[in-house]
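Undergrad: Pasting upload13.cif below, which is mmCIF, C-alpha atoms.
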data_final
#
loop_
_atom_site.label_atom_id
_atom_site.label_comp_id
_atom_site.auth_asym_id
_atom_site.auth_seq_id
_atom_site.Cartn_x
_atom_site.Cartn_y
_atom_site.Cartn_z
CA MET A 1 192.96 -158.50 -58.10
CA ASN A 2 189.77 -159.88 -59.61
CA SER A 3 187.53 -157.43 -61.48
CA SER A 4 184.08 -156.81 -60.03
CA ILE A 5 180.96 -157.96 -61.89
CA TYR A 6 180.24 -154.29 -62.62
CA ASP A 7 183.65 -153.76 -64.23
CA LYS A 8 183.32 -156.93 -66.29
CA LEU A 9 179.94 -155.82 -67.62
CA ILE A 10 180.94 -152.28 -68.57
CA ASN A 11 184.15 -153.57 -70.18
CA LYS A 12 182.00 -156.11 -72.10
CA GLU A 13 183.97 -159.00 -70.63
CA ALA A 14 180.71 -160.41 -69.24
CA LYS A 15 177.08 -160.48 -70.34
CA LEU A 16 173.83 -159.59 -68.63
CA GLY A 17 170.86 -161.88 -69.23
CA VAL A 18 167.19 -161.04 -68.86
CA ILE A 19 164.89 -164.02 -68.33
CA GLY A 20 161.33 -163.25 -69.41
CA LEU A 21 160.79 -160.59 -72.08
CA GLY A 22 157.30 -159.33 -71.33
CA TYR A 23 156.25 -155.77 -70.52
CA VAL A 24 158.84 -155.71 -67.68
CA GLY A 25 161.78 -157.69 -69.06
CA LEU A 26 162.04 -156.32 -72.59
CA PRO A 27 162.33 -152.60 -71.69
CA ILE A 28 165.10 -153.24 -69.16
CA ALA A 29 166.90 -155.61 -71.54
CA LEU A 30 166.93 -152.96 -74.28
CA GLU A 31 168.08 -150.20 -71.92
CA PHE A 32 170.99 -152.31 -70.69
CA ALA A 33 171.80 -153.33 -74.28
CA LYS A 34 172.58 -149.68 -75.08
CA LYS A 35 175.43 -149.86 -72.55
CA ILE A 36 176.56 -153.50 -72.21
CA LYS A 37 176.21 -156.94 -73.82
CA VAL A 38 172.80 -158.51 -73.20
CA VAL A 39 171.15 -161.86 -73.84
CA GLY A 40 167.34 -161.71 -73.83
CA PHE A 41 165.73 -165.08 -73.06
CA ASP A 42 162.09 -166.06 -73.40
CA ILE A 43 160.59 -169.55 -73.61
CA ASN A 44 158.14 -168.44 -76.34
CA GLU A 45 159.88 -168.91 -79.71
CA GLU A 46 157.25 -166.88 -81.56
CA ARG A 47 157.82 -163.89 -79.27
CA VAL A 48 161.60 -164.25 -79.64
CA ASN A 49 161.30 -164.16 -83.44
CA MET A 50 159.17 -161.00 -83.23
CA MET A 51 161.81 -159.28 -81.06
CA ARG A 52 164.56 -160.32 -83.48
CA ASN A 53 162.57 -158.32 -86.03
CA ASN A 54 162.36 -155.28 -83.73
CA ILE A 55 158.75 -155.95 -82.75
CA ASP A 56 157.56 -155.77 -79.15
CA PRO A 57 154.90 -158.49 -78.67
CA SER A 58 153.37 -156.39 -75.86
CA ASN A 59 152.94 -153.39 -78.19
CA GLU A 60 154.54 -151.09 -75.61
CA ILE A 61 157.88 -150.28 -77.26
CA ASP A 62 158.44 -148.62 -80.63
CA SER A 63 160.64 -150.54 -83.07
CA SER A 64 163.18 -147.67 -83.03
CA GLN A 65 164.04 -148.57 -79.42
CA PHE A 66 165.71 -151.77 -80.68
CA ASN A 67 168.30 -149.75 -82.63
CA GLN A 68 171.91 -149.58 -81.40
CA CYS A 69 171.27 -152.36 -78.89
CA ASP A 70 173.89 -155.05 -78.26
CA ILE A 71 171.35 -157.79 -77.58
CA HIS A 72 170.87 -161.38 -78.63
CA PHE A 73 167.35 -162.81 -78.34
CA THR A 74 166.99 -166.54 -77.74
CA ASN A 75 164.80 -169.31 -76.37
CA LYS A 76 167.71 -171.74 -76.04
CA ILE A 77 169.02 -172.31 -72.51
CA GLU A 78 172.55 -173.13 -73.68
CA GLU A 79 172.90 -169.60 -75.07
CA LEU A 80 172.77 -168.32 -71.48
CA SER A 81 175.92 -170.22 -70.51
CA ASP A 82 178.21 -167.18 -70.78
CA VAL A 83 175.89 -164.82 -68.87
CA SER A 84 177.23 -163.64 -65.51
CA PHE A 85 174.45 -161.32 -64.27
CA PHE A 86 170.89 -162.65 -64.52
CA ILE A 87 167.69 -160.63 -64.14
CA ILE A 88 164.54 -162.74 -63.74
CA ALA A 89 161.42 -160.84 -64.79
CA VAL A 90 158.67 -163.39 -65.31
CA PRO A 91 154.98 -163.10 -64.31
CA THR A 92 153.81 -164.11 -60.84
CA PRO A 93 150.07 -164.73 -61.32
CA ILE A 94 147.42 -166.21 -59.05
CA ASP A 95 145.47 -169.41 -59.67
CA GLY A 96 141.71 -169.92 -59.76
CA SER A 97 141.59 -169.95 -55.95
CA ASN A 98 143.47 -166.61 -55.72
CA LEU A 99 146.58 -168.36 -54.41
CA PRO A 100 150.11 -167.49 -55.64
CA ASN A 101 151.21 -169.43 -58.69
CA LEU A 102 154.99 -169.53 -58.48
CA SER A 103 155.43 -171.97 -61.39
CA PRO A 104 156.71 -169.39 -63.94
CA LEU A 105 159.13 -167.97 -61.35
CA LEU A 106 160.45 -171.32 -60.18
CA ASN A 107 160.75 -172.60 -63.77
CA ALA A 108 162.79 -169.51 -64.69
CA THR A 109 164.91 -169.99 -61.55
CA ASN A 110 165.48 -173.61 -62.55
CA THR A 111 166.60 -172.45 -66.00
CA VAL A 112 169.13 -170.05 -64.50
CA GLY A 113 170.35 -172.75 -62.10
CA LYS A 114 171.31 -174.92 -65.08
CA VAL A 115 173.72 -172.30 -66.42
CA LEU A 116 174.85 -170.66 -63.17
CA ASN A 117 178.61 -170.39 -62.66
CA LYS A 118 180.83 -169.35 -59.76
CA GLY A 119 180.87 -165.59 -59.30
CA ASP A 120 177.49 -165.03 -61.01
CA TYR A 121 174.71 -162.76 -59.77
CA VAL A 122 170.96 -163.42 -59.92
CA VAL A 123 168.48 -160.57 -59.39
CA PHE A 124 164.74 -161.18 -59.16
CA GLU A 125 162.28 -158.51 -60.34
CA SER A 126 159.04 -160.52 -60.20
CA THR A 127 156.54 -159.39 -57.55
CA VAL A 128 156.48 -161.87 -54.67
CA TYR A 129 155.62 -162.07 -50.97
CA PRO A 130 158.36 -161.21 -48.45
CA GLY A 131 160.68 -164.19 -48.06
CA CYS A 132 160.02 -165.79 -51.44
CA THR A 133 163.45 -165.03 -52.92
CA GLU A 134 165.31 -166.58 -49.99
CA ASP A 135 162.86 -169.35 -49.04
CA ASP A 136 161.66 -170.51 -52.46
CA CYS A 137 164.09 -169.37 -55.17
CA ILE A 138 167.59 -169.61 -53.71
CA PRO A 139 167.16 -173.31 -52.72
CA VAL A 140 166.28 -174.06 -56.37
CA LEU A 141 169.40 -172.23 -57.58
CA GLU A 142 171.57 -174.17 -55.13
CA LYS A 143 170.02 -177.54 -55.92
CA VAL A 144 170.16 -177.23 -59.70
CA SER A 145 173.59 -175.53 -59.95
CA LYS A 146 175.19 -177.53 -57.11
CA LEU A 147 176.75 -174.23 -56.02
CA ASN A 148 176.61 -172.59 -52.59
CA PHE A 149 174.69 -169.35 -52.04
CA LYS A 150 176.90 -166.37 -51.06
CA GLU A 151 180.04 -168.50 -51.32
CA ASP A 152 179.69 -169.20 -55.08
CA PHE A 153 176.95 -166.85 -56.29
CA MET A 154 175.13 -163.72 -55.12
CA VAL A 155 171.41 -162.91 -55.15
CA GLY A 156 169.45 -159.67 -55.08
CA TYR A 157 165.91 -158.43 -55.45
CA SER A 158 164.86 -155.27 -57.31
CA PRO A 159 161.09 -154.89 -57.79
CA GLU A 160 159.85 -153.73 -61.17
CA ARG A 161 157.98 -150.44 -61.34
CA ILE A 162 156.86 -150.53 -64.96
CA ASN A 163 153.42 -149.02 -65.57
CA PRO A 164 152.03 -150.23 -68.92
CA GLY A 165 150.79 -147.43 -71.17
CA ASP A 166 152.47 -144.74 -69.02
CA THR A 167 154.83 -142.54 -71.06
CA GLU A 168 155.57 -140.21 -68.14
CA HIS A 169 156.78 -142.62 -65.43
CA THR A 170 159.23 -144.64 -67.49
CA LEU A 171 161.90 -147.14 -66.51
CA LYS A 172 164.68 -144.53 -66.59
CA ASN A 173 163.01 -141.81 -64.53
CA VAL A 174 161.53 -143.83 -61.65
CA ILE A 175 163.76 -144.58 -58.64
CA LYS A 176 164.70 -148.26 -58.54
CA VAL A 177 164.66 -150.13 -55.23
CA VAL A 178 167.57 -152.58 -55.04
CA SER A 179 168.66 -155.09 -52.43
CA GLY A 180 171.23 -157.83 -52.06
CA CYS A 181 172.24 -160.76 -49.91
CA CYS A 182 175.21 -158.82 -48.51
CA GLU A 183 176.79 -155.37 -48.62
CA LYS A 184 179.00 -156.22 -51.57
CA ALA A 185 176.05 -157.61 -53.54
CA VAL A 186 173.78 -154.61 -53.01
CA ASP A 187 176.66 -152.27 -53.94
CA GLN A 188 177.33 -154.09 -57.22
CA ILE A 189 173.65 -154.49 -58.08
CA GLY A 190 173.02 -150.81 -57.36
CA LYS A 191 175.92 -149.68 -59.58
CA ILE A 192 174.75 -151.92 -62.43
CA TYR A 193 171.17 -150.63 -62.32
CA GLU A 194 172.47 -147.04 -62.18
CA LEU A 195 173.78 -147.62 -65.70
CA VAL A 196 170.19 -147.34 -66.96
CA ILE A 197 168.13 -145.74 -64.16
CA GLU A 198 168.66 -141.98 -64.44
CA ALA A 199 166.54 -141.33 -61.32
CA GLY A 200 168.98 -143.41 -59.28
CA VAL A 201 168.54 -146.34 -56.92
CA TYR A 202 167.36 -146.79 -53.35
CA LYS A 203 169.20 -149.47 -51.41
CA ALA A 204 166.76 -151.37 -49.21
CA SER A 205 168.11 -152.80 -45.95
CA SER A 206 167.32 -156.39 -46.95
CA ILE A 207 165.81 -158.54 -49.69
CA LYS A 208 162.64 -159.04 -47.61
CA VAL A 209 162.22 -155.28 -47.18
CA ALA A 210 162.52 -154.77 -50.95
CA GLU A 211 159.97 -157.55 -51.59
CA ALA A 212 157.58 -156.04 -49.06
CA SER A 213 157.98 -152.51 -50.45
CA LYS A 214 156.80 -153.65 -53.85
CA ILE A 215 153.84 -155.62 -52.64
CA ILE A 216 152.48 -152.82 -50.45
CA GLU A 217 152.68 -150.28 -53.29
CA ASN A 218 149.89 -152.09 -55.11
CA THR A 219 148.09 -153.24 -51.96
CA GLN A 220 147.81 -149.63 -50.82
CA ARG A 221 146.30 -148.61 -54.17
CA ASP A 222 143.95 -151.60 -54.09
CA VAL A 223 142.57 -150.75 -50.64
CA ASN A 224 142.12 -147.08 -51.52
CA ILE A 225 140.28 -147.88 -54.75
CA ALA A 226 138.13 -150.38 -52.87
CA LEU A 227 137.06 -147.63 -50.46
CA ILE A 228 136.02 -145.39 -53.37
CA ASN A 229 134.24 -148.30 -55.08
CA GLU A 230 132.31 -148.98 -51.89
CA LEU A 231 131.46 -145.30 -51.57
CA SER A 232 130.19 -145.32 -55.18
CA ILE A 233 127.77 -148.13 -54.28
CA ILE A 234 126.53 -146.11 -51.29
CA PHE A 235 126.24 -142.89 -53.31
CA ASN A 236 124.33 -144.72 -56.04
CA LYS A 237 121.73 -145.71 -53.46
CA LEU A 238 121.63 -142.08 -52.29
CA GLN A 239 121.29 -140.93 -55.93
CA ILE A 240 124.46 -138.86 -55.77
CA ASN A 241 127.07 -138.83 -58.55
CA THR A 242 130.34 -140.20 -57.13
CA PHE A 243 132.53 -138.12 -59.42
CA ASP A 244 130.75 -134.94 -58.29
CA VAL A 245 131.49 -135.90 -54.68
CA LEU A 246 135.16 -136.66 -55.45
CA GLU A 247 135.55 -133.37 -57.27
CA ALA A 248 134.18 -131.45 -54.29
CA ALA A 249 136.23 -133.40 -51.72
CA GLY A 250 139.33 -133.06 -53.90
CA THR A 251 139.48 -129.32 -53.26
CA LYS A 252 141.06 -130.10 -49.87
CA TRP A 253 144.87 -130.28 -50.01
CA ASN A 254 145.21 -133.66 -48.30
CA PHE A 255 142.37 -135.56 -49.97
CA LEU A 256 143.71 -138.58 -51.87
CA LYS A 257 142.40 -138.55 -55.43
CA PHE A 258 141.39 -142.11 -56.21
CA SER A 259 138.55 -143.01 -58.60
CA PRO A 260 136.08 -145.91 -58.70
CA GLY A 261 136.45 -148.55 -61.38
CA LEU A 262 137.46 -152.05 -62.38
CA VAL A 263 140.66 -153.30 -60.74
CA GLY A 264 142.25 -156.01 -62.84
CA GLY A 265 145.57 -156.62 -64.52
CA HIS A 266 148.61 -158.43 -63.21
CA CYS A 267 149.58 -155.99 -60.44
CA ILE A 268 146.91 -154.32 -58.32
CA GLY A 269 144.43 -157.15 -58.84
CA VAL A 270 147.00 -159.83 -57.97
CA ASP A 271 149.68 -158.59 -55.55
CA PRO A 272 147.46 -158.26 -52.45
CA TYR A 273 146.69 -161.99 -52.66
CA TYR A 274 150.42 -162.72 -52.35
CA LEU A 275 150.56 -160.69 -49.15
CA THR A 276 147.41 -162.19 -47.59
CA HIS A 277 148.71 -165.68 -48.47
CA LYS A 278 151.97 -165.03 -46.63
CA ALA A 279 150.11 -163.41 -43.73
CA LYS A 280 148.01 -166.55 -43.35
CA GLN A 281 151.15 -168.69 -43.31
CA VAL A 282 152.44 -166.76 -40.30
CA GLY A 283 149.11 -166.94 -38.51
CA TYR A 284 147.41 -163.65 -39.37
CA HIS A 285 144.17 -163.46 -41.32
CA SER A 286 144.11 -160.12 -43.08
CA LYS A 287 140.86 -158.20 -42.76
CA VAL A 288 141.28 -154.80 -44.44
CA ILE A 289 143.21 -156.13 -47.46
CA THR A 290 140.85 -159.09 -47.95
CA SER A 291 137.77 -156.86 -47.68
CA GLY A 292 139.24 -154.49 -50.25
CA ARG A 293 139.87 -157.38 -52.63
CA TYR A 294 136.30 -158.59 -52.18
CA VAL A 295 134.88 -155.17 -53.05
CA ASN A 296 137.09 -154.71 -56.11
CA ASP A 297 136.55 -158.25 -57.36
CA SER A 298 132.78 -157.65 -57.17
CA MET A 299 132.63 -154.47 -59.26
CA GLY A 300 132.24 -156.12 -62.65
CA PHE A 301 129.20 -158.06 -61.47
CA TYR A 302 127.82 -154.91 -59.83
CA ILE A 303 128.11 -152.90 -63.07
CA GLY A 304 126.43 -155.69 -65.03
CA LYS A 305 123.55 -155.92 -62.57
CA GLN A 306 123.03 -152.14 -62.50
CA THR A 307 122.89 -152.08 -66.30
CA VAL A 308 120.23 -154.80 -66.30
CA LYS A 309 118.18 -152.83 -63.73
CA LYS A 310 118.35 -149.72 -65.90
CA ILE A 311 117.11 -151.63 -68.96
CA LEU A 312 114.27 -153.21 -66.97
CA ALA A 313 113.25 -149.75 -65.74
CA THR A 314 112.53 -148.73 -69.36
CA GLY A 315 109.92 -151.52 -69.58
CA LYS A 316 111.93 -153.69 -71.97
CA HIS A 317 112.22 -157.48 -71.71
CA ILE A 318 115.76 -158.21 -70.61
CA GLN A 319 116.06 -161.44 -72.64
CA GLU A 320 115.44 -159.39 -75.79
CA ALA A 321 118.01 -156.72 -74.90
CA LYS A 322 121.30 -156.16 -76.69
CA ILE A 323 124.29 -154.49 -75.04
CA LEU A 324 127.59 -153.21 -76.41
CA VAL A 325 130.65 -153.35 -74.13
CA MET A 326 133.44 -151.01 -75.23
CA GLY A 327 136.89 -152.05 -74.05
CA ALA A 328 138.27 -155.47 -73.10
CA THR A 329 141.81 -154.82 -71.87
CA PHE A 330 142.71 -154.45 -68.19
CA LYS A 331 143.43 -150.71 -68.57
CA GLU A 332 143.24 -147.96 -71.16
CA ASP A 333 145.50 -147.77 -74.23
CA VAL A 334 147.21 -151.15 -73.73
CA SER A 335 146.69 -154.48 -75.50
CA ASP A 336 147.04 -156.66 -72.39
CA ILE A 337 143.89 -158.63 -71.51
CA ARG A 338 145.33 -160.60 -68.58
CA ASN A 339 143.04 -160.57 -65.54
CA SER A 340 140.74 -158.04 -67.19
CA LYS A 341 137.63 -157.53 -65.06
CA VAL A 342 135.56 -156.56 -68.11
CA ILE A 343 134.82 -160.26 -68.49
CA ASP A 344 132.96 -160.14 -65.14
CA ILE A 345 130.57 -157.55 -66.61
CA ILE A 346 130.00 -159.73 -69.67
CA ASN A 347 129.42 -162.89 -67.63
CA GLU A 348 126.92 -161.10 -65.40
CA LEU A 349 125.01 -159.77 -68.42
CA LYS A 350 124.98 -163.19 -70.07
CA SER A 351 123.55 -164.74 -66.91
CA PHE A 352 120.39 -162.72 -67.73
CA GLN A 353 120.39 -164.11 -71.30
CA VAL A 354 121.32 -160.70 -72.70
CA LYS A 355 123.02 -160.56 -76.10
CA VAL A 356 126.43 -158.90 -75.64
CA ASP A 357 128.79 -157.48 -78.26
CA LEU A 358 132.37 -156.61 -77.34
CA VAL A 359 134.72 -154.20 -79.13
CA ASP A 360 138.26 -153.04 -78.41
CA PRO A 361 140.71 -151.27 -80.76
CA ASN A 362 143.75 -152.69 -78.94
CA ALA A 363 142.84 -156.23 -77.90
CA SER A 364 143.21 -159.40 -79.98
CA SER A 365 140.00 -161.31 -80.67
CA GLU A 366 141.96 -164.57 -80.82
CA GLU A 367 143.49 -163.92 -77.41
CA MET A 368 140.09 -163.04 -75.94
CA GLU A 369 138.62 -166.24 -77.35
CA LEU A 370 141.50 -168.30 -75.99
CA GLU A 371 141.55 -166.67 -72.54
CA TYR A 372 137.84 -166.04 -71.89
CA GLY A 373 135.83 -167.78 -74.61
CA VAL A 374 134.57 -164.41 -75.86
CA SER A 375 135.41 -162.90 -79.24
CA LEU A 376 135.41 -159.30 -80.40
CA ILE A 377 133.19 -157.95 -83.15
CA GLU A 378 134.77 -155.75 -85.82
CA LYS A 379 132.16 -153.01 -85.87
CA PRO A 380 129.24 -152.08 -83.57
CA THR A 381 125.68 -152.26 -84.93
CA ASN A 382 122.89 -149.69 -84.42
CA ASP A 383 120.41 -151.63 -82.28
CA TYR A 384 121.79 -151.55 -78.72
CA ASP A 385 119.65 -150.99 -75.64
CA ALA A 386 122.70 -150.05 -73.58
CA ILE A 387 126.36 -149.22 -74.18
CA ILE A 388 128.94 -149.78 -71.44
CA VAL A 389 132.19 -147.81 -71.80
CA ALA A 390 134.31 -150.12 -69.66
CA VAL A 391 137.83 -148.99 -70.64
CA ASN A 392 138.85 -145.40 -71.41
CA HIS A 393 140.79 -145.95 -74.62
CA LYS A 394 141.73 -142.71 -76.35
CA GLU A 395 139.48 -143.68 -79.26
CA TYR A 396 136.47 -143.59 -76.91
CA LYS A 397 137.32 -140.37 -75.09
CA ILE A 398 136.61 -138.31 -78.22
CA MET A 399 133.09 -139.71 -78.66
CA ASN A 400 129.98 -137.61 -78.00
CA GLU A 401 126.30 -138.21 -77.29
CA ARG A 402 125.40 -138.30 -81.00
CA ASP A 403 127.91 -141.14 -81.53
CA PHE A 404 126.21 -143.17 -78.81
CA ARG A 405 122.71 -142.37 -80.08
CA LEU A 406 123.58 -143.63 -83.57
CA MET A 407 124.37 -147.03 -82.06
CA MET A 408 121.19 -147.18 -79.94
CA LYS A 409 117.97 -148.96 -80.87
CA ASP A 410 115.83 -146.06 -79.64
CA ASP A 411 115.75 -142.98 -77.41
CA LEU A 412 115.50 -145.22 -74.32
CA GLY A 413 119.14 -146.22 -74.75
CA ILE A 414 121.41 -146.19 -71.70
CA VAL A 415 125.05 -145.10 -71.53
CA VAL A 416 126.97 -146.75 -68.70
CA ASP A 417 130.18 -144.79 -68.21
CA VAL A 418 132.33 -146.79 -65.77
CA LYS A 419 134.99 -144.11 -65.27
CA GLY A 420 132.77 -141.05 -65.59
CA ILE A 421 134.45 -139.47 -68.62
CA PHE A 422 131.15 -138.39 -70.21
CA LYS A 423 129.65 -137.06 -66.97
CA ASN A 424 128.78 -133.62 -68.34
CA SER A 425 128.15 -134.49 -71.99
CA ILE A 426 125.28 -137.02 -71.98
CA ASN A 427 122.03 -135.06 -71.63
CA ASN A 428 119.28 -136.80 -73.59
CA LEU A 429 120.10 -140.49 -73.23
CA GLU A 430 119.85 -142.24 -69.85
CA TYR A 431 123.26 -141.98 -68.18
CA TRP A 432 124.83 -143.90 -65.30
CA SER A 433 128.36 -144.13 -63.92
CA LEU A 434 130.00 -145.52 -60.81
#
For the file at hand, write its structure as structure tokens.
TA:
Amino acid sequence: MNSSIYDKLINKEAKLGVIGLGYVGLPIALEFAKKIKVVGFDINEERVNMMRNNIDPSNEIDSSQFNQCDIHFTNKIEELSDVSFFIIAVPTPIDGSNLPNLSPLLNATNTVGKVLNKGDYVVFESTVYPGCTEDDCIPVLEKVSKLNFKEDFMVGYSPERINPGDTEHTLKNVIKVVSGCCEKAVDQIGKIYELVIEAGVYKASSIKVAEASKIIENTQRDVNIALINELSIIFNKLQINTFDVLEAAGTKWNFLKFSPGLVGGHCIGVDPYYLTHKAKQVGYHSKVITSGRYVNDSMGFYIGKQTVKKILATGKHIQEAKILVMGATFKEDVSDIRNSKVIDIINELKSFQVKVDLVDPNASSEEMELEYGVSLIEKPTNDYDAIIVAVNHKEYKIMNERDFRLMMKDDLGIVVDVKGIFKNSINNLEYWSL
């Protein structure tokens, strides 16, 4: 009787391969490598060399997590030839027109197809629209490998639930949704993931259901944040502090506690576009989701414009103003700048010919220059007309009004606190938040 793929992996007769070693792929590769043999593949040779030296290029994982791991890092396709269970965890971004860009996913699928053998399993973790695995990816695997789906190889989908910068909801203690192309596949895939997921797995009824479950997690958050962002615009016109309103409303047991802010990154700011794209393909033009995206995509420009209005209200000439923006990453306490909406604030300010300085303790100036054409300064000066705290890095949370005043040109300085963390501590300077 032939051994199952699960048995072969735990007996180290077969290897598991993770394709794409970013903030999703690397953690799961290392967790599996504590139990079974793993090959970690990434096309970026520089990143591979860093991981060989126990360095996480995403700055999420401590070097100690690489210890006691049976893992081989590579960027060479031929070194995947003896892998039997593939996990594809590459980014699924959007293009300049907010349409899905499946190139990284299909390129990774093509790579796996070249080394796919009879009896192998392929599991996709990348966030996609319902139907993508079966309609877009499996045909590539079949074409490149010249093998037949289900007859020669099995496919599953298990959406990632990694939250960058979150030390509470980690890979091991968050339930993992798994799915497969048949009962046998979902059983094997579930057992294999249970090797590393202490919270256990949830077996979705189909691959499409698993795909849809992931995409609505972030779409739901996006729409809820959009509602609060829209309310903050209304409350600003009514001269009411949004965070005061949320605090009062939050005393009711069933009030959902969302906050206004910038919605960027590679999940919440991207995933809804995958769903609306698929909806359009089947003849439905989404209204609620699209409206939510419009509101959230507009917030950076709104914050920039409100800052300009505040400076003008002091009687200053806007072309002579100087503004400091604190924070460049897409969320607090991470180094990732992908799809950061802070750049929208900066672009709006620059459209008024304002001089803008940008600082961030976690971001790379070179990456910012490459991605957005904006570099970071090493140290703030002391002549700003306004300071925008755009990202709540821990280094900023400990600041007080005196710290801001020392960086201001004069007593007319304005503190723009996007997330409202200084709501009760700025008394003498002009203060504004969403």
Undergrad: Report as a list in words the full result of the PyMOL selection byres ((chain A and resi 226) around 6) when it is applied to this structure.
TA: Val223, Asn224, Ile225, Leu227, Ile228, Asn229, Gly292, Val295 and Asn296 of chain A
Undergrad: List as a PyMOL selection string the protein and nucleic acid residues near stretch 297-305 of chain A, meaning an atom at most 7 Å away when all atoms listed in the file are counted, but skip any in the same chain fewer than 6 places from it.
TA: chain A and resi 262+341-342+344-345+348-349
Undergrad: Would you mind exporting C-alpha atoms of the selected residues as a PDB file, in the frame of the given file?
TA:
ATOM      1  CA  LEU A 262     137.460-152.050 -62.380  1.00  0.00           C
ATOM      2  CA  LYS A 341     137.630-157.530 -65.060  1.00  0.00           C
ATOM      3  CA  VAL A 342     135.560-156.560 -68.110  1.00  0.00           C
ATOM      4  CA  ASP A 344     132.960-160.140 -65.140  1.00  0.00           C
ATOM      5  CA  ILE A 345     130.570-157.550 -66.610  1.00  0.00           C
ATOM      6  CA  GLU A 348     126.920-161.100 -65.400  1.00  0.00           C
ATOM      7  CA  LEU A 349     125.010-159.770 -68.420  1.00  0.00           C
TER       8      LEU A 349
END
Undergrad: Write out as a PDB file with C-alpha atoms, in the frame of the given file the residues lying within 9 Å of stretch 107-117 of chain A, counting only C-alpha atoms and excluding same-chain residues fewer than 4 positions away.
TA:
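What landed in part19.pdb:
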ATOM      1  CA  ILE A  19     164.890-164.020 -68.330  1.00  0.00           C
ATOM      2  CA  GLY A  20     161.330-163.250 -69.410  1.00  0.00           C
ATOM      3  CA  ILE A  77     169.020-172.310 -72.510  1.00  0.00           C
ATOM      4  CA  GLU A  78     172.550-173.130 -73.680  1.00  0.00           C
ATOM      5  CA  LEU A  80     172.770-168.320 -71.480  1.00  0.00           C
ATOM      6  CA  SER A  81     175.920-170.220 -70.510  1.00  0.00           C
ATOM      7  CA  ASP A  82     178.210-167.180 -70.780  1.00  0.00           C
ATOM      8  CA  VAL A  83     175.890-164.820 -68.870  1.00  0.00           C
ATOM      9  CA  SER A  84     177.230-163.640 -65.510  1.00  0.00           C
ATOM     10  CA  PHE A  86     170.890-162.650 -64.520  1.00  0.00           C
ATOM     11  CA  ILE A  88     164.540-162.740 -63.740  1.00  0.00           C
ATOM     12  CA  ALA A  89     161.420-160.840 -64.790  1.00  0.00           C
ATOM     13  CA  VAL A  90     158.670-163.390 -65.310  1.00  0.00           C
ATOM     14  CA  LEU A 102     154.990-169.530 -58.480  1.00  0.00           C
ATOM     15  CA  SER A 103     155.430-171.970 -61.390  1.00  0.00           C
ATOM     16  CA  TYR A 121     174.710-162.760 -59.770  1.00  0.00           C
ATOM     17  CA  VAL A 122     170.960-163.420 -59.920  1.00  0.00           C
ATOM     18  CA  CYS A 137     164.090-169.370 -55.170  1.00  0.00           C
ATOM     19  CA  ILE A 138     167.590-169.610 -53.710  1.00  0.00           C
ATOM     20  CA  VAL A 140     166.280-174.060 -56.370  1.00  0.00           C
ATOM     21  CA  LEU A 141     169.400-172.230 -57.580  1.00  0.00           C
ATOM     22  CA  GLU A 142     171.570-174.170 -55.130  1.00  0.00           C
ATOM     23  CA  LYS A 143     170.020-177.540 -55.920  1.00  0.00           C
ATOM     24  CA  VAL A 144     170.160-177.230 -59.700  1.00  0.00           C
ATOM     25  CA  SER A 145     173.590-175.530 -59.950  1.00  0.00           C
ATOM     26  CA  LYS A 146     175.190-177.530 -57.110  1.00  0.00           C
ATOM     27  CA  LEU A 147     176.750-174.230 -56.020  1.00  0.00           C
ATOM     28  CA  ASP A 152     179.690-169.200 -55.080  1.00  0.00           C
ATOM     29  CA  PHE A 153     176.950-166.850 -56.290  1.00  0.00           C
TER      30      PHE A 153
END
Undergrad: I'd like the neighbourhood of A:Asp417 as a VMD selection string, where a residue qualifies if any of its atoms comes within 9 Å (using all atoms listed in the file), though same-chain residues fewer than 3 positions away should be ignored.
TA: chain A and resid 387 to 390 420 to 423 431 to 434
Undergrad: Which residue is closest to A:Gln306? Choose from A:Ile377, A:Pro159, A:Ile414, A:Glu45 and count only C-alpha atoms.
TA: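 Comparing A:Ile377, A:Pro159, A:Ile414, A:Glu45 against A:Gln306, the winner is A:Ile414.
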Undergrad: Can you pull out every residue within 10 Å of A:Ser205, counting all atoms listed in the file, but drop anything in the same chain fewer than 6 positions away, and send it as a list in words?
TA: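 Here the answer would be Val178, Ser179, Gly180, Cys181, Cys182, Glu183 and Val186 of chain A.
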Undergrad: Nearest to A:Asp7 among A:Asn173, A:Gln188, A:Thr307, A:Gln319, with distances taken over all atoms listed in the file: which residue is it?
TA: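 Result for the nearest residue to A:Asp7: A:Gln188.
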Undergrad: Grab the atom CA of A:Leu195 to atom CA of A:Ile216 distance for me, in Å with one decimal place.
TA: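 Result for atom CA of A:Leu195 versus atom CA of A:Ile216: 26.7 Å, one decimal.
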Undergrad: What separation in Å, quoted to one decimal, exists between atom CA of A:Gly250 and atom CA of A:Leu238?
TA: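 One can read the atom CA of A:Gly250 to atom CA of A:Leu238 distance as 19.9 Å.
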Undergrad: Neighbours of A:Lys331 within 8 Å (only C-alpha atoms; same-chain residues fewer than 2 positions away dropped), as a list in words?
TA: Gly264, Gly265, Thr329, Asp333, Val334, Asp336, Ser340, Val391 and Asn392 of chain A
Undergrad: Tell me, in Å to one decimal, how far atom CA of A:Phe243 is from atom CA of A:Pro260.
TA: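 The value is 8.6 Å.
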Undergrad: From the set A:Glu60, A:Glu369, A:Glu79, A:Glu401, which residue has the shortest atom-to-atom contact distance to A:Asp42, counting only C-alpha atoms?
TA: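 Of the candidates, the smallest distance to A:Asp42 is held by A:Glu79.
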Undergrad: Here's a test: counting all atoms listed in the file, identify every protein, DNA and RNA residue with an atom at most 7 Å from (158.7, -156.6, -53.3) in the file's coordinate frame, and state them as a ChimeraX atom specification.
TA: /A:127-130,159,210-215
